[in-house]
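Trainee: Here you go, model31.pdb (PDB, C-alpha atoms):
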ATOM      1  CA  MET A   1      13.350  11.848 -87.133
ATOM      2  CA  SER A   2       9.782  11.221 -88.184
ATOM      3  CA  THR A   3       7.641   8.818 -86.227
ATOM      4  CA  ALA A   4       7.522   6.148 -88.923
ATOM      5  CA  LEU A   5      11.281   6.240 -89.342
ATOM      6  CA  ARG A   6      11.741   5.957 -85.598
ATOM      7  CA  HIS A   7       9.439   2.935 -85.464
ATOM      8  CA  LEU A   8      11.283   1.265 -88.331
ATOM      9  CA  PHE A   9      14.622   1.859 -86.663
ATOM     10  CA  VAL A  10      13.458   0.310 -83.396
ATOM     11  CA  ILE A  11      11.961  -2.658 -85.276
ATOM     12  CA  ALA A  12      15.277  -3.170 -87.061
ATOM     13  CA  VAL A  13      17.129  -3.102 -83.737
ATOM     14  CA  MET A  14      14.685  -5.641 -82.279
ATOM     15  CA  VAL A  15      15.075  -7.990 -85.252
ATOM     16  CA  ALA A  16      18.844  -7.770 -84.830
ATOM     17  CA  LEU A  17      18.391  -8.530 -81.123
ATOM     18  CA  VAL A  18      16.324 -11.648 -81.814
ATOM     19  CA  TRP A  19      18.794 -12.791 -84.446
ATOM     20  CA  THR A  20      21.842 -12.306 -82.219
ATOM     21  CA  GLY A  21      20.103 -13.837 -79.229
ATOM     22  CA  SER A  22      18.987 -16.899 -81.160
ATOM     23  CA  SER A  23      22.392 -17.550 -82.687
ATOM     24  CA  ALA A  24      24.009 -17.187 -79.281
ATOM     25  CA  LEU A  25      21.517 -19.210 -77.239
ATOM     26  CA  LEU A  26      20.318 -22.003 -79.520
ATOM     27  CA  PRO A  27      23.682 -23.823 -79.574
ATOM     28  CA  LEU A  28      23.704 -23.783 -75.768
ATOM     29  CA  VAL A  29      20.756 -26.161 -75.547
ATOM     30  CA  ASP A  30      22.877 -29.279 -75.918
ATOM     31  CA  ARG A  31      25.892 -28.017 -74.058
ATOM     32  CA  THR A  32      24.861 -26.734 -70.660
ATOM     33  CA  ALA A  33      24.630 -28.783 -67.497
ATOM     34  CA  SER A  34      21.616 -28.771 -65.215
ATOM     35  CA  LEU A  35      21.557 -28.561 -61.418
ATOM     36  CA  THR A  36      18.790 -31.129 -60.963
ATOM     37  CA  ALA A  37      21.145 -33.894 -59.853
ATOM     38  CA  GLN A  38      22.859 -31.710 -57.261
ATOM     39  CA  VAL A  39      19.530 -30.572 -55.835
ATOM     40  CA  GLU A  40      18.254 -34.157 -55.701
ATOM     41  CA  ARG A  41      21.366 -35.253 -53.845
ATOM     42  CA  ARG A  42      20.884 -32.673 -51.080
ATOM     43  CA  MET A  43      17.106 -32.987 -50.746
ATOM     44  CA  PRO A  44      17.215 -35.052 -47.513
ATOM     45  CA  GLU A  45      18.847 -32.211 -45.606
ATOM     46  CA  SER A  46      16.555 -29.510 -46.950
ATOM     47  CA  GLY A  47      13.613 -30.313 -44.679
ATOM     48  CA  VAL A  48      10.959 -30.389 -47.427
ATOM     49  CA  GLU A  49      10.023 -32.869 -50.138
ATOM     50  CA  HIS A  50       9.526 -30.581 -53.107
ATOM     51  CA  PRO A  51      12.733 -29.520 -54.903
ATOM     52  CA  LEU A  52      11.438 -26.074 -55.862
ATOM     53  CA  THR A  53      10.524 -25.169 -52.266
ATOM     54  CA  ALA A  54      13.875 -26.510 -51.105
ATOM     55  CA  VAL A  55      15.694 -24.305 -53.587
ATOM     56  CA  LEU A  56      13.596 -21.234 -52.794
ATOM     57  CA  LEU A  57      13.603 -21.420 -49.016
ATOM     58  CA  ASN A  58      16.794 -23.285 -48.214
ATOM     59  CA  PHE A  59      19.464 -23.552 -50.913
ATOM     60  CA  ARG A  60      18.795 -20.114 -52.431
ATOM     61  CA  GLY A  61      17.090 -18.636 -49.388
ATOM     62  CA  TYR A  62      19.257 -15.535 -49.616
ATOM     63  CA  ASP A  63      17.600 -14.551 -52.903
ATOM     64  CA  THR A  64      14.138 -15.035 -51.423
ATOM     65  CA  MET A  65      14.961 -12.986 -48.369
ATOM     66  CA  LEU A  66      16.154 -10.056 -50.445
ATOM     67  CA  GLU A  67      13.110 -10.429 -52.679
ATOM     68  CA  ILE A  68      10.877  -9.765 -49.680
ATOM     69  CA  GLY A  69      13.038  -6.742 -49.023
ATOM     70  CA  VAL A  70      12.346  -5.492 -52.552
ATOM     71  CA  LEU A  71       8.606  -5.934 -51.993
ATOM     72  CA  LEU A  72       8.799  -3.876 -48.794
ATOM     73  CA  VAL A  73      10.836  -1.163 -50.488
ATOM     74  CA  ALA A  74       8.149  -0.965 -53.196
ATOM     75  CA  VAL A  75       5.487  -0.478 -50.502
ATOM     76  CA  LEU A  76       7.607   2.279 -48.938
ATOM     77  CA  ALA A  77       8.061   3.899 -52.339
ATOM     78  CA  VAL A  78       4.303   3.838 -52.995
ATOM     79  CA  TRP A  79       3.621   5.308 -49.552
ATOM     80  CA  THR A  80       5.988   8.221 -50.150
ATOM     81  CA  LEU A  81       3.577   9.297 -52.898
ATOM     82  CA  ASP A  82       0.626   9.395 -50.529
ATOM     83  CA  PRO A  83      -0.997  12.860 -50.533
ATOM     84  CA  ALA A  84      -2.955  12.106 -47.355
ATOM     85  CA  PRO A  85      -0.497  10.500 -44.943
ATOM     86  CA  ARG A  86      -2.723  10.702 -41.889
ATOM     87  CA  ALA A  87      -5.856   9.217 -43.405
ATOM     88  CA  ARG A  88      -7.255   6.202 -41.663
ATOM     89  CA  TRP A  89      -8.774   3.254 -43.443
ATOM     90  CA  ARG A  90     -12.090   1.744 -42.506
ATOM     91  CA  MET A  91     -14.317  -1.101 -43.528
ATOM     92  CA  VAL A  92     -17.748  -0.109 -44.780
ATOM     93  CA  GLU A  93     -20.709  -1.891 -46.259
ATOM     94  CA  PRO A  94     -20.299  -2.683 -49.964
ATOM     95  CA  SER A  95     -21.220   0.314 -52.083
ATOM     96  CA  SER A  96     -23.563  -1.788 -54.180
ATOM     97  CA  ARG A  97     -26.732  -3.169 -52.642
ATOM     98  CA  SER A  98     -26.708  -6.193 -54.896
ATOM     99  CA  PRO A  99     -27.348  -9.389 -52.933
ATOM    100  CA  VAL A 100     -25.211 -11.284 -55.424
ATOM    101  CA  LEU A 101     -22.210  -9.204 -54.427
ATOM    102  CA  ARG A 102     -22.750  -9.688 -50.712
ATOM    103  CA  ILE A 103     -23.267 -13.433 -50.972
ATOM    104  CA  ALA A 104     -20.307 -13.788 -53.315
ATOM    105  CA  LEU A 105     -18.079 -11.941 -50.852
ATOM    106  CA  HIS A 106     -19.335 -13.995 -47.923
ATOM    107  CA  ILE A 107     -18.460 -17.198 -49.755
ATOM    108  CA  LEU A 108     -15.357 -16.087 -51.642
ATOM    109  CA  ILE A 109     -13.293 -14.373 -48.957
ATOM    110  CA  PRO A 110     -13.181 -17.198 -46.370
ATOM    111  CA  THR A 111     -12.588 -19.762 -49.115
ATOM    112  CA  ALA A 112      -9.695 -17.747 -50.464
ATOM    113  CA  VAL A 113      -8.132 -17.382 -47.021
ATOM    114  CA  MET A 114      -8.464 -21.120 -46.476
ATOM    115  CA  ALA A 115      -6.941 -21.830 -49.890
ATOM    116  CA  ALA A 116      -4.004 -19.590 -48.979
ATOM    117  CA  GLY A 117      -3.442 -21.495 -45.756
ATOM    118  CA  TYR A 118      -3.512 -24.797 -47.643
ATOM    119  CA  MET A 119      -1.044 -23.493 -50.216
ATOM    120  CA  VAL A 120       1.471 -22.592 -47.525
ATOM    121  CA  TRP A 121       1.220 -26.056 -45.999
ATOM    122  CA  VAL A 122       1.327 -28.022 -49.252
ATOM    123  CA  GLY A 123       4.398 -26.120 -50.420
ATOM    124  CA  ALA A 124       6.571 -28.721 -48.745
ATOM    125  CA  TYR A 125       5.165 -31.542 -50.875
ATOM    126  CA  ARG A 126       3.848 -30.003 -54.116
ATOM    127  CA  PRO A 127       4.012 -26.674 -55.957
ATOM    128  CA  GLY A 128       2.931 -24.047 -53.466
ATOM    129  CA  GLY A 129       4.527 -22.025 -50.756
ATOM    130  CA  ALA A 130       4.674 -18.556 -49.309
ATOM    131  CA  PHE A 131       4.513 -16.473 -52.476
ATOM    132  CA  GLN A 132       1.617 -18.320 -53.981
ATOM    133  CA  ALA A 133      -0.372 -18.086 -50.742
ATOM    134  CA  GLY A 134       0.612 -14.452 -50.273
ATOM    135  CA  THR A 135      -0.648 -13.625 -53.751
ATOM    136  CA  VAL A 136      -4.037 -15.181 -52.950
ATOM    137  CA  LEU A 137      -4.211 -13.112 -49.761
ATOM    138  CA  GLY A 138      -3.291 -10.025 -51.766
ATOM    139  CA  ALA A 139      -6.074 -10.900 -54.196
ATOM    140  CA  VAL A 140      -8.475 -10.906 -51.233
ATOM    141  CA  TRP A 141      -7.482  -7.288 -50.658
ATOM    142  CA  VAL A 142      -8.037  -6.497 -54.333
ATOM    143  CA  ILE A 143     -11.540  -7.991 -54.132
ATOM    144  CA  LEU A 144     -12.347  -5.978 -51.005
ATOM    145  CA  VAL A 145     -11.112  -2.757 -52.569
ATOM    146  CA  SER A 146     -12.891  -3.397 -55.883
ATOM    147  CA  ALA A 147     -16.159  -4.217 -54.109
ATOM    148  CA  GLY A 148     -15.962  -0.956 -52.237
ATOM    149  CA  VAL A 149     -15.848  -2.683 -48.854
ATOM    150  CA  VAL A 150     -12.575  -1.067 -47.828
ATOM    151  CA  ARG A 151     -12.606   2.693 -48.068
ATOM    152  CA  LEU A 152      -9.202   4.337 -48.336
ATOM    153  CA  PRO A 153      -5.896   2.576 -48.710
ATOM    154  CA  LEU A 154      -3.986   0.875 -45.964
ATOM    155  CA  ALA A 155      -2.688   3.829 -44.014
ATOM    156  CA  ARG A 156       0.400   3.815 -41.881
ATOM    157  CA  VAL A 157      -1.268   2.228 -38.869
ATOM    158  CA  THR A 158       1.223   0.505 -36.588
ATOM    159  CA  GLY A 159      -0.527  -2.845 -36.904
ATOM    160  CA  VAL A 160      -0.169  -2.791 -40.686
ATOM    161  CA  ARG A 161       3.510  -1.922 -40.378
ATOM    162  CA  VAL A 162       4.062  -4.805 -37.955
ATOM    163  CA  VAL A 163       2.386  -7.271 -40.299
ATOM    164  CA  LEU A 164       4.417  -6.018 -43.240
ATOM    165  CA  ALA A 165       7.696  -6.276 -41.384
ATOM    166  CA  ALA A 166       6.963  -9.617 -39.734
ATOM    167  CA  GLY A 167       7.768 -11.736 -42.775
ATOM    168  CA  PHE A 168      11.133 -10.209 -43.476
ATOM    169  CA  THR A 169      12.003 -10.222 -39.759
ATOM    170  CA  ALA A 170      11.178 -13.906 -39.431
ATOM    171  CA  PHE A 171      13.307 -14.751 -42.441
ATOM    172  CA  LEU A 172      16.149 -12.575 -41.166
ATOM    173  CA  LEU A 173      16.086 -14.307 -37.781
ATOM    174  CA  ALA A 174      16.093 -17.727 -39.428
ATOM    175  CA  ALA A 175      19.037 -16.623 -41.533
ATOM    176  CA  LEU A 176      21.070 -14.991 -38.763
ATOM    177  CA  GLY A 177      20.385 -17.668 -36.138
ATOM    178  CA  PRO A 178      22.779 -20.235 -37.578
ATOM    179  CA  ALA A 179      25.309 -17.496 -38.258
ATOM    180  CA  LEU A 180      25.304 -16.400 -34.622
ATOM    181  CA  ALA A 181      25.548 -20.020 -33.509
ATOM    182  CA  GLY A 182      28.806 -20.446 -35.339
ATOM    183  CA  GLN A 183      27.646 -21.850 -38.684
ATOM    184  CA  ASN A 184      27.030 -20.137 -41.985
ATOM    185  CA  LEU A 185      24.227 -17.754 -42.876
ATOM    186  CA  LEU A 186      20.940 -19.583 -43.615
ATOM    187  CA  GLU A 187      22.437 -22.961 -42.734
ATOM    188  CA  TYR A 188      19.378 -24.438 -41.001
ATOM    189  CA  PRO A 189      20.075 -27.316 -38.577
ATOM    190  CA  ARG A 190      19.115 -30.504 -40.401
ATOM    191  CA  LEU A 191      16.433 -31.708 -37.990
ATOM    192  CA  LEU A 192      14.721 -28.336 -37.594
ATOM    193  CA  ALA A 193      14.872 -27.308 -41.249
ATOM    194  CA  GLY A 194      11.304 -28.388 -42.078
ATOM    195  CA  MET A 195       9.770 -26.572 -39.126
ATOM    196  CA  ILE A 196      11.843 -23.453 -39.665
ATOM    197  CA  ILE A 197      10.786 -23.336 -43.304
ATOM    198  CA  LEU A 198       7.096 -23.766 -42.421
ATOM    199  CA  ALA A 199       7.212 -21.064 -39.744
ATOM    200  CA  VAL A 200       9.025 -18.626 -42.009
ATOM    201  CA  GLU A 201       6.671 -19.383 -44.916
ATOM    202  CA  THR A 202       3.520 -18.800 -42.864
ATOM    203  CA  THR A 203       4.703 -15.438 -41.579
ATOM    204  CA  LEU A 204       5.943 -14.594 -45.039
ATOM    205  CA  SER A 205       2.618 -15.316 -46.741
ATOM    206  CA  VAL A 206       0.676 -12.997 -44.417
ATOM    207  CA  SER A 207       3.314 -10.328 -44.929
ATOM    208  CA  ILE A 208       3.244 -10.701 -48.707
ATOM    209  CA  GLY A 209      -0.550 -10.552 -48.724
ATOM    210  CA  ALA A 210      -0.458  -7.277 -46.812
ATOM    211  CA  ALA A 211       2.280  -5.918 -49.081
ATOM    212  CA  ILE A 212       0.369  -6.734 -52.269
ATOM    213  CA  GLY A 213      -2.748  -5.232 -50.745
ATOM    214  CA  ALA A 214      -0.831  -2.065 -49.896
ATOM    215  CA  LEU A 215       0.617  -1.915 -53.422
ATOM    216  CA  VAL A 216      -2.683  -2.477 -55.208
ATOM    217  CA  ALA A 217      -4.828  -0.304 -52.957
ATOM    218  CA  GLY A 218      -2.210   2.342 -53.568
ATOM    219  CA  VAL A 219      -2.565   5.727 -52.024
ATOM    220  CA  ALA A 220      -5.413   8.126 -51.355
ATOM    221  CA  ALA A 221      -6.694  10.143 -54.292
ATOM    222  CA  ARG A 222      -7.059  13.477 -52.559
ATOM    223  CA  ARG A 223      -5.311  15.521 -49.901
ATOM    224  CA  ASP A 224      -8.078  14.961 -47.405
ATOM    225  CA  GLY A 225      -7.792  11.228 -47.894
ATOM    226  CA  THR A 226     -11.129  10.705 -49.634
ATOM    227  CA  GLU A 227     -11.659   9.207 -53.041
ATOM    228  CA  PRO A 228     -13.580  10.839 -55.877
ATOM    229  CA  GLU A 229     -17.224   9.873 -56.146
ATOM    230  CA  GLY A 230     -18.242   7.213 -58.566
ATOM    231  CA  GLY A 231     -15.143   5.098 -58.916
ATOM    232  CA  ARG A 232     -11.660   4.177 -57.980
ATOM    233  CA  ALA A 233      -8.766   6.640 -57.967
TER
ATOM    234  CA  MET B 234      14.372 -27.554 -84.825
ATOM    235  CA  THR B 235      13.079 -29.132 -81.648
ATOM    236  CA  GLY B 236      10.382 -27.781 -79.372
ATOM    237  CA  LEU B 237      13.001 -26.305 -77.071
ATOM    238  CA  HIS B 238      14.503 -24.261 -79.919
ATOM    239  CA  LEU B 239      11.018 -22.962 -80.712
ATOM    240  CA  TYR B 240      10.501 -21.882 -77.097
ATOM    241  CA  ILE B 241      13.785 -19.977 -77.049
ATOM    242  CA  VAL B 242      13.093 -18.129 -80.294
ATOM    243  CA  ALA B 243       9.519 -17.367 -79.217
ATOM    244  CA  ALA B 244      10.765 -16.057 -75.871
ATOM    245  CA  LEU B 245      13.234 -13.769 -77.633
ATOM    246  CA  VAL B 246      10.505 -12.501 -79.971
ATOM    247  CA  ILE B 247       8.193 -11.764 -77.032
ATOM    248  CA  ALA B 248      10.973  -9.953 -75.171
ATOM    249  CA  ALA B 249      11.844  -7.930 -78.265
ATOM    250  CA  THR B 250       8.172  -7.053 -78.812
ATOM    251  CA  GLY B 251       7.892  -5.816 -75.240
ATOM    252  CA  LEU B 252      11.065  -3.787 -75.594
ATOM    253  CA  TYR B 253       9.811  -2.297 -78.871
ATOM    254  CA  GLY B 254       6.560  -1.283 -77.192
ATOM    255  CA  PHE B 255       8.442   0.284 -74.303
ATOM    256  CA  LEU B 256      10.647   2.368 -76.589
ATOM    257  CA  VAL B 257       7.931   3.463 -79.007
ATOM    258  CA  GLN B 258       4.729   3.975 -77.001
ATOM    259  CA  PRO B 259       4.383   7.460 -75.471
ATOM    260  CA  HIS B 260       1.595   6.611 -73.015
ATOM    261  CA  LEU B 261       3.004   5.724 -69.596
ATOM    262  CA  LEU B 262       0.632   2.865 -68.817
ATOM    263  CA  LYS B 263       1.317   1.313 -72.205
ATOM    264  CA  LYS B 264       5.020   1.554 -71.458
ATOM    265  CA  LEU B 265       4.451  -0.350 -68.229
ATOM    266  CA  LEU B 266       2.416  -3.002 -70.026
ATOM    267  CA  ALA B 267       5.155  -3.374 -72.644
ATOM    268  CA  LEU B 268       7.752  -3.817 -69.895
ATOM    269  CA  ASN B 269       5.637  -6.577 -68.392
ATOM    270  CA  ILE B 270       5.471  -8.305 -71.774
ATOM    271  CA  ALA B 271       9.248  -8.070 -72.095
ATOM    272  CA  ALA B 272       9.581  -9.557 -68.620
ATOM    273  CA  ALA B 273       7.302 -12.430 -69.631
ATOM    274  CA  GLY B 274       9.588 -13.119 -72.583
ATOM    275  CA  VAL B 275      12.682 -13.178 -70.394
ATOM    276  CA  PHE B 276      11.007 -15.494 -67.888
ATOM    277  CA  LEU B 277       9.994 -17.821 -70.702
ATOM    278  CA  LEU B 278      13.598 -17.887 -71.866
ATOM    279  CA  VAL B 279      14.945 -18.799 -68.425
ATOM    280  CA  VAL B 280      12.295 -21.477 -67.865
ATOM    281  CA  ALA B 281      12.957 -22.943 -71.326
ATOM    282  CA  PHE B 282      16.563 -23.461 -70.334
ATOM    283  CA  ALA B 283      15.405 -25.377 -67.263
ATOM    284  CA  ASP B 284      14.170 -28.201 -69.474
ATOM    285  CA  ARG B 285      17.269 -30.343 -69.679
ATOM    286  CA  GLY B 286      17.589 -33.922 -68.575
ATOM    287  CA  ALA B 287      14.957 -36.144 -67.037
ATOM    288  CA  SER B 288      13.277 -33.739 -64.617
ATOM    289  CA  PRO B 289      13.251 -29.950 -64.836
ATOM    290  CA  ASP B 290      15.980 -27.978 -63.160
ATOM    291  CA  PRO B 291      14.416 -26.226 -60.147
ATOM    292  CA  VAL B 292      16.969 -23.425 -59.801
ATOM    293  CA  PRO B 293      15.880 -21.405 -62.897
ATOM    294  CA  HIS B 294      12.269 -21.884 -61.783
ATOM    295  CA  ALA B 295      13.096 -20.349 -58.403
ATOM    296  CA  LEU B 296      14.876 -17.442 -60.092
ATOM    297  CA  VAL B 297      11.846 -16.778 -62.299
ATOM    298  CA  LEU B 298       9.504 -16.827 -59.267
ATOM    299  CA  THR B 299      11.681 -14.186 -57.669
ATOM    300  CA  GLY B 300      11.652 -12.201 -60.907
ATOM    301  CA  ILE B 301       7.858 -12.275 -61.152
ATOM    302  CA  VAL B 302       7.457 -10.843 -57.642
ATOM    303  CA  ILE B 303       9.972  -8.104 -58.352
ATOM    304  CA  SER B 304       8.267  -7.192 -61.632
ATOM    305  CA  VAL B 305       4.940  -6.953 -59.771
ATOM    306  CA  SER B 306       6.525  -4.571 -57.251
ATOM    307  CA  ALA B 307       8.096  -2.413 -59.930
ATOM    308  CA  THR B 308       4.874  -2.290 -61.968
ATOM    309  CA  ALA B 309       2.850  -1.263 -58.925
ATOM    310  CA  TYR B 310       5.282   1.552 -58.175
ATOM    311  CA  GLY B 311       5.260   2.655 -61.817
ATOM    312  CA  ILE B 312       1.462   2.777 -61.880
ATOM    313  CA  VAL B 313       1.306   4.882 -58.719
ATOM    314  CA  LEU B 314       3.896   7.263 -60.188
ATOM    315  CA  ALA B 315       1.913   7.569 -63.439
ATOM    316  CA  ALA B 316      -1.315   8.149 -61.509
ATOM    317  CA  ARG B 317       0.345  10.884 -59.431
ATOM    318  CA  LEU B 318       1.697  12.558 -62.557
ATOM    319  CA  HIS B 319      -1.732  12.506 -64.124
ATOM    320  CA  ARG B 320      -3.376  13.878 -61.000
ATOM    321  CA  ILE B 321      -0.905  16.739 -60.677
ATOM    322  CA  THR B 322      -0.358  17.749 -64.311
ATOM    323  CA  GLY B 323      -3.177  16.082 -66.226
ATOM    324  CA  GLN B 324      -0.640  14.455 -68.548
ATOM    325  CA  THR B 325      -0.526  10.803 -69.528
ATOM    326  CA  THR B 326       2.809  10.957 -71.333
ATOM    327  CA  LEU B 327       6.173  12.484 -70.630
ATOM    328  CA  GLU B 328       6.193  14.582 -73.783
ATOM    329  CA  GLU B 329       6.036  18.352 -73.731
ATOM    330  CA  GLY B 330       2.809  20.127 -74.498
ATOM    331  CA  ASP B 331       0.651  17.091 -73.860
ATOM    332  CA  ASP B 332      -2.688  18.231 -72.471
ATOM    333  CA  HIS B 333      -4.808  15.103 -72.187
ATOM    334  CA  ALA B 334      -6.967  15.927 -69.214
TER
END
Take the structure I supplied and represent it as structure tokens, if you would.
Mentor:
Amino acid sequence: MSTALRHLFVIAVMVALVWTGSSALLPLVDRTASLTAQVERRMPESGVEHPLTAVLLNFRGYDTMLEIGVLLVAVLAVWTLDPAPRARWRMVEPSSRSPVLRIALHILIPTAVMAAGYMVWVGAYRPGGAFQAGTVLGAVWVILVSAGVVRLPLARVTGVRVVLAAGFTAFLLAALGPALAGQNLLEYPRLLAGMIILAVETTLSVSIGAAIGALVAGVAARRDGTEPEGGRA
Amino acid sequence: MTGLHLYIVAALVIAATGLYGFLVQPHLLKKLLALNIAAAGVFLLVVAFADRGASPDPVPHALVLTGIVISVSATAYGIVLAARLHRITGQTTLEEGDDHA
């Protein structure tokens, strides 16, 4: 089949998809029920004041826990492609001598870390939480790698592995604790729910930041662990 | 047609566009980008359905947050795979006889 014909066929299939999807989904707008009322009713026993955080960390905590697991599996998958498994990472001076870069880093990095800490805390009252803070921490890693401050990716140092595993472990303990004490999985005791959620979220955000950093920094470019001159891998 | 209907149709169009790009583009990175666009369309669809009643339904929002993180993980893995393929074979597509260095 020629290329143009192939394109036209796929476009036709996509138009049919949009048509079928619209005719199936548009009538549902007036007919489906929402879960807002049920969530509002159970908010007092969730331990936080924001319904989205309550759903993420308490009512649907199982989904969030497995989501962290997916993130860790992605890091493992990226590390299996590492051609230089024994390379060690090190911090160096920025590759550019520009004073603007150095001053920007000195101001930006601590501010970003502080913003991440605030986001974890405010997640109980407003939009925020572990994932948002973890993404900011991951962005700190992206900045460091792009500025040339960190040479080589995060290698399999034990400390890095501990940080990566800490988030999932904390969540797993919070989930199994009630189960071992005779209640259901993830059924936080009502009075401790807020503190449990905050503790789990803090550990989670550091873990997610490290995971995103490991994913973005990727793996070494060469067998000896170095990177090619003049740019990123 | 209300605003909500427009969101649903737009979300479907975005998802279909992403899927079209994924099926048609030979370059691996463009395939990954197209998949991300399709994911954005699906997320928009789910979030549009959260707008019912007085205040938005938080459960679809939580599901979409989970979906975003998973799509980030899958994209990162896909990029590393594509970079490895390029470093080993010099190819940027999966077609035979491609010799983009």
Trainee: May I have the residues of chain B within 9 Å of chain A, counting all atoms listed in the file, written as a PyMOL selection string?
Mentor: chain B and resi 237-238+241-242+245-246+248-250+252-253+256-257+282-292+294-296+298-300+302-303+305-307+309-311+313-314+316-317+320
Trainee: What is the distance, in Å and to one decimal place, between CA of Ser304 in chain B and CA of Gly274 in chain B?
Mentor: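 Computing the Euclidean distance for CA of Ser304 in chain B and CA of Gly274 in chain B yields 12.5 Å.
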Trainee: So, counting only C-alpha atoms, which residue among B:Leu327, B:Ile312, B:Val297, B:Leu239 is closest to Val280 in chain B?
Mentor: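 Going through B:Leu327, B:Ile312, B:Val297, B:Leu239 one by one, the smallest distance to Val280 in chain B is for B:Val297.
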Trainee: Is it possible to get the axis-aligned box enclosing range 241-259 of chain B (all listed atoms, 6 Å extra per side) as JSON, with centre and edge lengths in Å rounded to one decimal?
Mentor:
{"center_x": 9.1, "center_y": -6.3, "center_z": -77.3, "size_x": 21.4, "size_y": 39.4, "size_z": 18.0}
Trainee: Can you pull out every residue within 6 Å of His260 in chain B, counting only C-alpha atoms, but drop anything in the same chain fewer than 3 positions away, and send it as a list in words?
Mentor: Lys263, Thr325 and Thr326 of chain B
Trainee: Do a neighbour search on range 169-174 of chain A at 9 Å with only C-alpha atoms, toss out local chain neighbours closer than 3 positions, and write the hits as a list in words.
Mentor: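 Returned residues: Gly61, Met65, Ala165, Ala166, Gly177, Pro178, Leu185, Leu186, Glu187, Tyr188, Ile196, Ile197, Ala199, Val200, Glu201, Thr203 and Leu204 of chain A.
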Trainee: Measure the distance from CA of Ala112 in chain A to CA of Thr202 in chain A in Å and round it to one decimal.
Mentor: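 The value is 15.3 Å.
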Trainee: Ala267 in chain B: which residues within 6 Å, counting all atoms listed in the file, same-chain residues fewer than 5 positions away excluded, as a ChimeraX atom specification?
Mentor: /B:251,254-255
Trainee: In Å to one decimal, how far is CA of Gly129 in chain A from CA of Phe168 in chain A?
Mentor: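 One can read the CA of Phe168 in chain A to CA of Gly129 in chain A distance as 15.4 Å.
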Trainee: Taking (10.9, -19.1, -73.3) in the file's coordinates, which residues come within 6 Å, counting all atoms listed in the file, written as a count of residues only?
Mentor: 6
Trainee: Given the file shown, determine the residues that the PyMOL selection byres ((chain A and resi 194) around 10) selects; report them as an MDAnalysis selection string.
Mentor: chainID A and resid 45:49 54 58 124 188:193 195:199
Trainee: Given the PyMOL selection byres ((chain A and resi 141) around 9) and the file above, list the residues it selects as a PyMOL selection string.
Mentor: chain A and resi 136-140+142-146+150+209-210+212-214+216-217
